[in-house]
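**Q** Sharing data05.txt below, compact mmCIF, C-alpha atoms:
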```txt
# COMPACT_ATOMS: atom_id res chain seq x y z
CA MET A 1 -55.31 -85.51 15.34
CA GLU A 2 -52.44 -87.76 16.25
CA ASN A 3 -52.45 -89.07 12.69
CA SER A 4 -52.09 -85.56 11.24
CA GLY A 5 -49.20 -84.87 13.59
CA LEU A 6 -47.44 -88.00 12.41
CA ASN A 7 -48.17 -87.03 8.82
CA PHE A 8 -46.63 -83.60 9.39
CA ILE A 9 -43.47 -85.16 10.81
CA LEU A 10 -43.27 -87.51 7.80
CA GLN A 11 -43.67 -84.62 5.36
CA ALA A 12 -41.02 -82.60 7.18
CA ALA A 13 -38.65 -85.58 7.05
CA PHE A 14 -39.37 -86.05 3.34
CA TRP A 15 -38.60 -82.44 2.42
CA GLY A 16 -35.53 -82.55 4.67
CA THR A 17 -34.35 -85.55 2.65
CA VAL A 18 -35.02 -83.63 -0.57
CA ALA A 19 -32.93 -80.70 0.68
CA LEU A 20 -30.13 -83.09 1.77
CA THR A 21 -30.06 -84.83 -1.62
CA VAL A 22 -30.09 -81.68 -3.73
CA ALA A 23 -27.45 -80.04 -1.52
CA GLY A 24 -25.30 -83.16 -1.81
CA ALA A 25 -25.68 -83.21 -5.60
CA ALA A 26 -24.73 -79.53 -5.78
CA ILE A 27 -21.66 -80.17 -3.61
CA ALA A 28 -20.80 -83.12 -5.86
CA ILE A 29 -20.80 -80.92 -8.96
CA PHE A 30 -19.69 -77.37 -8.20
CA PRO A 31 -16.67 -77.16 -5.81
CA LYS A 32 -13.22 -77.33 -7.36
CA ASN A 33 -11.74 -79.56 -4.66
CA ILE A 34 -12.32 -83.15 -5.76
CA LEU A 35 -12.53 -84.44 -2.18
CA TYR A 36 -15.54 -82.19 -1.47
CA ASN A 37 -17.17 -83.65 -4.60
CA VAL A 38 -16.84 -87.20 -3.29
CA LEU A 39 -18.24 -86.26 0.11
CA GLY A 40 -21.15 -84.44 -1.56
CA LEU A 41 -21.80 -87.55 -3.65
CA ALA A 42 -21.90 -89.64 -0.46
CA LEU A 43 -24.42 -87.16 1.01
CA ALA A 44 -26.63 -87.30 -2.10
CA LEU A 45 -26.53 -91.10 -2.19
CA THR A 46 -27.53 -91.26 1.47
CA GLY A 47 -30.47 -88.98 0.68
CA ILE A 48 -31.51 -91.29 -2.15
CA ALA A 49 -31.38 -94.23 0.28
CA GLY A 50 -33.82 -92.16 2.37
CA PHE A 51 -36.13 -91.88 -0.65
CA TYR A 52 -36.07 -95.65 -1.06
CA LEU A 53 -37.10 -95.89 2.58
CA PHE A 54 -39.99 -93.49 1.92
CA LEU A 55 -40.98 -95.58 -1.10
CA GLY A 56 -41.24 -98.59 1.17
CA SER A 57 -38.21 -100.73 0.36
CA LEU A 58 -35.90 -101.12 3.33
CA PHE A 59 -33.81 -103.74 1.53
CA VAL A 60 -32.94 -101.56 -1.47
CA ALA A 61 -32.20 -98.63 0.87
CA LEU A 62 -29.73 -100.76 2.81
CA MET A 63 -28.13 -102.03 -0.42
CA GLN A 64 -27.82 -98.42 -1.60
CA LEU A 65 -25.97 -97.51 1.61
CA LEU A 66 -23.82 -100.64 1.42
CA ILE A 67 -22.84 -100.55 -2.26
CA TYR A 68 -22.89 -96.88 -3.21
CA VAL A 69 -21.92 -95.08 -0.02
CA GLY A 70 -19.87 -97.89 1.48
CA ALA A 71 -18.09 -99.24 -1.58
CA ILE A 72 -18.11 -96.87 -4.54
CA CYS A 73 -17.52 -93.61 -2.65
CA ILE A 74 -14.78 -95.20 -0.57
CA ALA A 75 -13.18 -96.62 -3.74
CA ILE A 76 -13.13 -93.14 -5.29
CA VAL A 77 -11.64 -91.68 -2.08
CA PHE A 78 -9.00 -94.43 -2.17
CA ALA A 79 -8.11 -93.61 -5.76
CA ILE A 80 -7.77 -89.92 -4.90
CA MET A 81 -5.75 -90.48 -1.74
CA LEU A 82 -3.45 -93.20 -3.07
CA SER A 83 -2.33 -91.30 -6.12
CA ARG A 84 -1.46 -87.86 -4.86
CA PRO A 85 -1.77 -85.68 -7.95
CA LEU A 86 -5.30 -86.77 -8.86
CA HIS A 87 -6.76 -83.92 -6.85
CA ILE A 88 -5.13 -81.29 -9.03
CA GLU A 89 -7.95 -79.65 -10.87
CA ALA A 90 -7.72 -79.15 -14.61
CA PRO A 91 -8.05 -75.58 -15.88
CA ALA A 92 -11.65 -74.47 -16.24
CA ARG A 93 -13.51 -74.74 -19.53
CA PRO A 94 -13.95 -71.66 -21.67
CA THR A 95 -17.09 -69.73 -20.80
CA GLY A 96 -18.84 -70.60 -24.05
CA LYS A 97 -18.67 -74.34 -23.40
CA VAL A 98 -19.83 -73.86 -19.79
CA LEU A 99 -22.81 -71.84 -21.01
CA LEU A 100 -23.66 -74.50 -23.59
CA GLY A 101 -23.49 -77.18 -20.89
CA ILE A 102 -25.78 -75.18 -18.59
CA LEU A 103 -28.16 -74.63 -21.52
CA ALA A 104 -28.25 -78.36 -22.32
CA SER A 105 -28.98 -79.42 -18.75
CA VAL A 106 -31.63 -76.69 -18.30
CA VAL A 107 -33.32 -77.81 -21.53
CA PHE A 108 -33.29 -81.40 -20.29
CA PHE A 109 -34.69 -80.40 -16.88
CA VAL A 110 -37.51 -78.31 -18.37
CA GLY A 111 -38.38 -81.10 -20.80
CA ALA A 112 -38.41 -83.84 -18.16
CA VAL A 113 -40.45 -81.76 -15.69
CA GLY A 114 -42.87 -80.86 -18.50
CA VAL A 115 -43.38 -84.52 -19.33
CA ALA A 116 -43.79 -85.41 -15.64
CA LEU A 117 -46.39 -82.69 -15.09
CA LYS A 118 -48.33 -82.97 -18.37
CA THR A 119 -48.75 -86.74 -18.34
CA LYS A 120 -51.69 -88.16 -16.43
CA TRP A 121 -50.14 -91.09 -14.60
CA THR A 122 -52.66 -93.84 -14.02
CA PRO A 123 -51.69 -97.04 -12.19
CA ALA A 124 -51.58 -100.19 -14.30
CA ALA A 125 -54.51 -102.60 -14.11
CA GLY A 126 -52.90 -105.01 -11.69
CA HIS A 127 -51.34 -102.35 -9.47
CA VAL A 128 -51.80 -102.86 -5.75
CA TYR A 129 -49.56 -101.50 -3.05
CA LYS A 130 -49.13 -103.87 -0.15
CA ALA A 131 -46.17 -103.43 2.14
CA SER A 132 -45.81 -107.20 2.48
CA GLN A 133 -45.13 -107.50 -1.25
CA TRP A 134 -42.13 -105.20 -0.94
CA SER A 135 -40.37 -107.41 1.56
CA VAL A 136 -36.94 -108.92 0.98
CA GLU A 137 -38.52 -112.37 0.67
CA HIS A 138 -40.30 -111.37 -2.53
CA VAL A 139 -37.19 -109.73 -3.99
CA GLY A 140 -35.09 -112.80 -3.21
CA ASP A 141 -37.75 -115.06 -4.66
CA ALA A 142 -37.83 -113.10 -7.93
CA LEU A 143 -34.02 -112.98 -8.06
CA LEU A 144 -33.76 -116.75 -7.84
CA THR A 145 -36.65 -117.65 -10.15
CA ARG A 146 -37.58 -115.22 -12.91
CA TYR A 147 -34.39 -113.15 -12.94
CA GLU A 148 -31.93 -115.92 -12.21
CA LEU A 149 -30.10 -115.73 -15.53
CA VAL A 150 -29.58 -111.97 -15.17
CA PHE A 151 -28.39 -112.55 -11.61
CA GLU A 152 -25.74 -115.01 -12.79
CA VAL A 153 -24.66 -112.76 -15.65
CA ILE A 154 -24.23 -109.86 -13.21
CA SER A 155 -21.89 -111.96 -11.09
CA LEU A 156 -19.91 -112.84 -14.23
CA VAL A 157 -19.74 -109.14 -15.20
CA LEU A 158 -18.45 -108.28 -11.71
CA LEU A 159 -15.77 -110.98 -11.94
CA VAL A 160 -14.61 -109.77 -15.38
CA ALA A 161 -14.64 -106.16 -14.12
CA ILE A 162 -12.47 -107.02 -11.12
CA ILE A 163 -9.94 -108.92 -13.24
CA GLY A 164 -9.97 -106.15 -15.84
CA ALA A 165 -9.42 -103.47 -13.19
CA VAL A 166 -6.47 -105.36 -11.70
CA ILE A 167 -4.90 -105.87 -15.13
CA THR A 168 -5.48 -102.31 -16.31
CA ALA A 169 -4.08 -100.73 -13.15
CA GLY A 170 -1.25 -103.26 -12.65
CA PHE A 171 0.10 -103.89 -16.15
CA SER A 172 0.33 -100.26 -17.11
CA ARG A 173 2.51 -99.69 -14.05
CA ARG A 174 4.84 -102.47 -15.16
CA ILE A 175 4.98 -101.09 -18.69
CA SER A 176 5.68 -97.49 -17.68
CA SER A 177 8.30 -98.26 -15.03
CA MET B 1 -46.55 -90.92 0.73
CA ASN B 2 -46.00 -88.20 -1.86
CA SER B 3 -47.15 -88.41 -5.44
CA LEU B 4 -45.25 -89.86 -8.37
CA THR B 5 -44.70 -86.41 -9.87
CA THR B 6 -42.70 -85.26 -6.83
CA TYR B 7 -40.26 -88.12 -7.24
CA LEU B 8 -40.03 -87.57 -11.01
CA ILE B 9 -39.17 -83.89 -10.53
CA ILE B 10 -36.53 -84.70 -7.89
CA SER B 11 -34.92 -87.26 -10.13
CA ALA B 12 -35.03 -84.90 -13.13
CA LEU B 13 -33.23 -82.32 -10.99
CA LEU B 14 -30.57 -84.85 -9.97
CA PHE B 15 -30.16 -86.01 -13.58
CA SER B 16 -29.72 -82.49 -14.94
CA LEU B 17 -27.18 -81.70 -12.20
CA GLY B 18 -25.23 -84.81 -13.21
CA LEU B 19 -25.49 -83.86 -16.90
CA LEU B 20 -24.17 -80.39 -16.09
CA GLY B 21 -21.30 -81.99 -14.19
CA ILE B 22 -20.36 -84.23 -17.11
CA LEU B 23 -20.56 -81.41 -19.63
CA GLN B 24 -18.62 -78.73 -17.77
CA ARG B 25 -15.93 -80.55 -15.80
CA ARG B 26 -12.60 -81.69 -17.14
CA ASN B 27 -11.41 -83.71 -14.17
CA LEU B 28 -12.00 -87.38 -14.98
CA ILE B 29 -12.88 -88.30 -11.39
CA GLY B 30 -15.36 -85.44 -11.30
CA MET B 31 -16.98 -86.86 -14.44
CA LEU B 32 -17.14 -90.32 -12.82
CA ILE B 33 -18.93 -88.78 -9.83
CA SER B 34 -21.42 -87.15 -12.21
CA VAL B 35 -22.07 -90.52 -13.89
CA GLU B 36 -22.92 -91.97 -10.47
CA LEU B 37 -25.44 -89.15 -9.98
CA LEU B 38 -27.05 -89.93 -13.35
CA LEU B 39 -27.37 -93.64 -12.50
CA ASN B 40 -28.94 -92.80 -9.15
CA ALA B 41 -31.49 -90.47 -10.73
CA ALA B 42 -32.52 -93.29 -13.10
CA ASN B 43 -32.73 -95.72 -10.14
CA LEU B 44 -34.98 -93.32 -8.24
CA ASN B 45 -37.27 -93.20 -11.28
CA PHE B 46 -37.44 -96.98 -11.45
CA MET B 47 -38.33 -97.25 -7.78
CA ALA B 48 -40.97 -94.49 -8.01
CA TYR B 49 -42.66 -96.08 -11.03
CA ASN B 50 -42.53 -99.43 -9.28
CA ARG B 51 -44.24 -97.97 -6.23
CA PHE B 52 -46.96 -95.98 -7.98
CA VAL B 53 -47.88 -97.51 -11.33
CA SER B 54 -46.28 -100.93 -11.89
CA PRO B 55 -48.45 -104.05 -11.72
CA ASP B 56 -45.54 -106.11 -10.38
CA PRO B 57 -44.03 -105.05 -7.03
CA VAL B 58 -40.52 -106.46 -7.48
CA THR B 59 -39.47 -105.47 -11.01
CA GLY B 60 -38.26 -101.98 -10.14
CA GLN B 61 -36.37 -103.17 -7.06
CA VAL B 62 -34.64 -105.91 -9.05
CA ILE B 63 -33.65 -103.45 -11.80
CA THR B 64 -32.30 -101.07 -9.14
CA LEU B 65 -30.20 -103.84 -7.61
CA PHE B 66 -28.79 -104.78 -11.04
CA VAL B 67 -27.93 -101.16 -11.81
CA MET B 68 -26.11 -100.98 -8.46
CA GLY B 69 -24.04 -104.05 -9.36
CA LEU B 70 -23.19 -102.64 -12.78
CA ALA B 71 -22.31 -99.29 -11.21
CA ALA B 72 -19.85 -101.05 -8.90
CA ALA B 73 -18.20 -102.72 -11.91
CA GLU B 74 -18.18 -99.41 -13.81
CA ALA B 75 -16.55 -97.56 -10.91
CA ALA B 76 -13.82 -100.21 -10.52
CA ILE B 77 -12.99 -100.22 -14.25
CA GLY B 78 -13.28 -96.43 -14.53
CA LEU B 79 -10.94 -95.77 -11.60
CA SER B 80 -8.32 -98.20 -12.88
CA ILE B 81 -8.47 -96.67 -16.37
CA ILE B 82 -8.09 -93.20 -14.84
CA LEU B 83 -5.04 -94.37 -12.85
CA ALA B 84 -3.48 -95.96 -15.96
CA LEU B 85 -4.19 -92.83 -17.99
CA TYR B 86 -2.60 -90.67 -15.32
CA ARG B 87 0.57 -92.76 -15.34
CA LYS B 88 0.78 -92.44 -19.10
CA MET B 89 0.14 -88.74 -19.60
CA HIS B 90 0.75 -87.29 -16.08
CA SER B 91 -2.53 -85.39 -16.05
CA ILE B 92 -6.20 -86.22 -15.62
CA ASN B 93 -7.34 -83.35 -17.76
CA ILE B 94 -9.70 -85.06 -20.19
CA GLU B 95 -8.61 -82.84 -23.08
CA ALA B 96 -5.02 -84.06 -22.83
CA ALA B 97 -6.11 -87.53 -23.97
CA GLN B 98 -5.93 -86.88 -27.69
CA LYS B 99 -3.63 -89.64 -28.90
CA MET B 100 -6.36 -91.30 -30.95
CA LYS B 101 -7.55 -88.03 -32.48
CA GLY B 102 -7.40 -88.29 -36.27
```
Give the structure from the file, written as structure tokens.
**A**
Amino acid sequence: MENSGLNFILQAAFWGTVALTVAGAAIAIFPKNILYNVLGLALALTGIAGFYLFLGSLFVALMQLLIYVGAICIAIVFAIMLSRPLHIEAPARPTGKVLLGILASVVFFVGAVGVALKTKWTPAAGHVYKASQWSVEHVGDALLTRYELVFEVISLVLLVAIIGAVITAGFSRRISS
Amino acid sequence: MNSLTTYLIISALLFSLGLLGILQRRNLIGMLISVELLLNAANLNFMAYNRFVSPDPVTGQVITLFVMGLAAAEAAIGLSIILALYRKMHSINIEAAQKMKG
């Protein structure tokens, strides 16, 4: 009895997270004001961090909050705030192109949902779900043994991206002024 | 918790919203926001497959972390390119960037 009550609360929280995420994604796409879009994106990303929590990975959920919500959204807000005219919205697309875009995304959605529903998903032979295997110790172990090269290359990519961003944003200012 | 199909449908919904955003907006920052939505939908798929079908419990989490790192790099580069482009052509309407059109 107590277990079913807990289960009900969990289900309610899950569907609340779904509603939060989809509402955030809709806010990120549809309003004309670019600042609302960024805030909607932050809402959707927080909802996705909630999904990671439901899937059992606290570490990835925290990284999602830290990197996406804390860094990327704030960087976009900075870029909008620091350069005043970025929030001016371009004129809307002609209706034909908008309709084609809606058609393309609806076709994609129907196709992906069809695949998800038609396929019979069976767990792989070695699949076991143990909460202890999802801990940060296992992720850190894999990052420093099997995936170490990728880990190093990612840090190199981040370094190059930072230098490239500084040069792209700084040099063009010097050239144009 | 819930089944794999639930997560797949949610992430398909997020992905098609992001696709719609890329296809119908002209504001470059709006398109960048849509790209972030697409990446997150893919990440959610990786985590769901990792939880429900994968034989190895860390692969999906590691891929998700790598995608997050790449998304941070992509956002930094994208924002600086948008700023440079704005200084050059005084607009962030994507259709004004036609200098390389043949």
**Q** Within 6 Å of chain A, which residues of chain B are there when counting all atoms listed in the file? Please give them as a PyMOL selection string.
**A** chain B and resi 5+9+12+16+19-21+23-24+27+53-55+58+73+77+80+84+93
**Q** To one decimal place in Å, what is the distance between atom CA of B:Ser11 and atom CA of B:Arg25?
**A**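 Taking atom CA of B:Ser11 and atom CA of B:Arg25, their separation equals 20.9 Å.
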**Q** Determine the axis-aligned bounding box of all atoms of stretch 4-18 of chain B present in the file, pad each side by 8 Å, and express its centre and edge lengths in Å to one decimal place as AutoDock Vina command-line options.
**A**
```
--center_x -35.2 --center_y -85.8 --center_z -10.9 --size_x 36.0 --size_y 24.2 --size_z 24.1
```
**Q** Have a look at B:Lys101, B:Ala76, B:Leu32, B:Phe66 and name the one nearest to A:Glu152; count all atoms listed in the file.
**A** B:Phe66
**Q** What separation in Å, quoted to one decimal, exists between atom CA of A:Met81 and atom CA of A:Ala19?
**A** 29.0 Å
**Q** At a cut-off of 9 Å, using only C-alpha atoms, what residues contact B:Asn43? Leave out same-chain residues fewer than 2 positions from it and give the result as a list in words.
**A**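 Final neighbour list, sorted by chain and number: Ser11, Leu38, Leu39, Asn40, Ala41, Asn45, Phe46, Met47, Ala48, Gly60, Gln61, Ile63, Thr64, Leu65, Val67 and Met68 of chain B.
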**Q** What does the structure give for the distance between atom CA of A:Leu66 and atom CA of B:Leu44, in Å to one decimal?
**A**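 One can read the atom CA of A:Leu66 to atom CA of B:Leu44 distance as 16.5 Å.
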**Q** Here is a test: counting all atoms listed in the file, which residue of B:Arg26, B:Phe52, B:Glu95, B:Glu74 is nearest to B:Leu8?
**A** B:Phe52
**Q** Between B:Ile22, B:Leu17, B:Glu36, B:Pro57, which residue has the minimum interatomic distance to A:Glu137, considering only C-alpha atoms?
**A** B:Pro57
**Q** Start from the incomplete input, build N, CA and C atoms for stretch 77-102 of chain B, and deliver everything as a compact mmCIF listing (two decimals), in the coordinates of the input.
**A**
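As a result, part_7.txt now contains:
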```txt
# COMPACT_ATOMS: atom_id res chain seq x y z
N ILE B 77 -13.67 -100.34 -12.96
CA ILE B 77 -12.99 -100.22 -14.25
C ILE B 77 -12.60 -98.77 -14.52
N GLY B 78 -13.55 -97.84 -14.26
CA GLY B 78 -13.28 -96.43 -14.53
C GLY B 78 -12.09 -95.91 -13.74
N LEU B 79 -12.05 -96.26 -12.43
CA LEU B 79 -10.94 -95.77 -11.60
C LEU B 79 -9.61 -96.35 -12.07
N SER B 80 -9.61 -97.64 -12.46
CA SER B 80 -8.32 -98.20 -12.88
C SER B 80 -7.88 -97.60 -14.21
N ILE B 81 -8.85 -97.32 -15.11
CA ILE B 81 -8.47 -96.67 -16.37
C ILE B 81 -7.94 -95.27 -16.11
N ILE B 82 -8.57 -94.55 -15.15
CA ILE B 82 -8.09 -93.20 -14.84
C ILE B 82 -6.66 -93.26 -14.30
N LEU B 83 -6.40 -94.25 -13.41
CA LEU B 83 -5.04 -94.37 -12.85
C LEU B 83 -4.03 -94.68 -13.95
N ALA B 84 -4.39 -95.62 -14.88
CA ALA B 84 -3.48 -95.96 -15.96
C ALA B 84 -3.23 -94.75 -16.86
N LEU B 85 -4.30 -94.02 -17.14
CA LEU B 85 -4.19 -92.83 -17.99
C LEU B 85 -3.31 -91.78 -17.34
N TYR B 86 -3.44 -91.64 -16.00
CA TYR B 86 -2.60 -90.67 -15.32
C TYR B 86 -1.14 -91.04 -15.41
N ARG B 87 -0.84 -92.35 -15.25
CA ARG B 87 0.57 -92.76 -15.34
C ARG B 87 1.13 -92.49 -16.73
N LYS B 88 0.29 -92.62 -17.73
CA LYS B 88 0.78 -92.44 -19.10
C LYS B 88 0.98 -90.98 -19.45
N MET B 89 0.02 -90.12 -19.10
CA MET B 89 0.14 -88.74 -19.60
C MET B 89 0.28 -87.71 -18.48
N HIS B 90 0.43 -88.17 -17.21
CA HIS B 90 0.75 -87.29 -16.08
C HIS B 90 -0.23 -86.14 -15.96
N SER B 91 -1.50 -86.41 -16.22
CA SER B 91 -2.53 -85.39 -16.05
C SER B 91 -3.86 -86.12 -16.11
N ILE B 92 -4.89 -85.61 -15.41
CA ILE B 92 -6.20 -86.22 -15.62
C ILE B 92 -7.13 -85.22 -16.28
N ASN B 93 -6.54 -84.22 -16.93
CA ASN B 93 -7.34 -83.35 -17.76
C ASN B 93 -7.81 -84.15 -18.97
N ILE B 94 -9.13 -84.21 -19.15
CA ILE B 94 -9.70 -85.06 -20.19
C ILE B 94 -9.24 -84.61 -21.57
N GLU B 95 -8.95 -83.32 -21.73
CA GLU B 95 -8.61 -82.84 -23.08
C GLU B 95 -7.17 -83.12 -23.44
N ALA B 96 -6.38 -83.68 -22.49
CA ALA B 96 -5.02 -84.06 -22.83
C ALA B 96 -4.98 -85.44 -23.49
N ALA B 97 -6.08 -86.19 -23.40
CA ALA B 97 -6.11 -87.53 -23.97
C ALA B 97 -6.54 -87.43 -25.43
N GLN B 98 -5.59 -87.12 -26.29
CA GLN B 98 -5.93 -86.88 -27.69
C GLN B 98 -5.13 -87.77 -28.63
N LYS B 99 -4.53 -88.84 -28.07
CA LYS B 99 -3.63 -89.64 -28.90
C LYS B 99 -4.36 -90.29 -30.08
N MET B 100 -5.63 -90.63 -29.88
CA MET B 100 -6.36 -91.30 -30.95
C MET B 100 -7.10 -90.32 -31.86
N LYS B 101 -6.87 -89.02 -31.64
CA LYS B 101 -7.55 -88.03 -32.48
C LYS B 101 -6.99 -88.10 -33.89
N GLY B 102 -7.84 -88.10 -34.89
CA GLY B 102 -7.40 -88.29 -36.27
C GLY B 102 -6.70 -87.08 -36.85
```
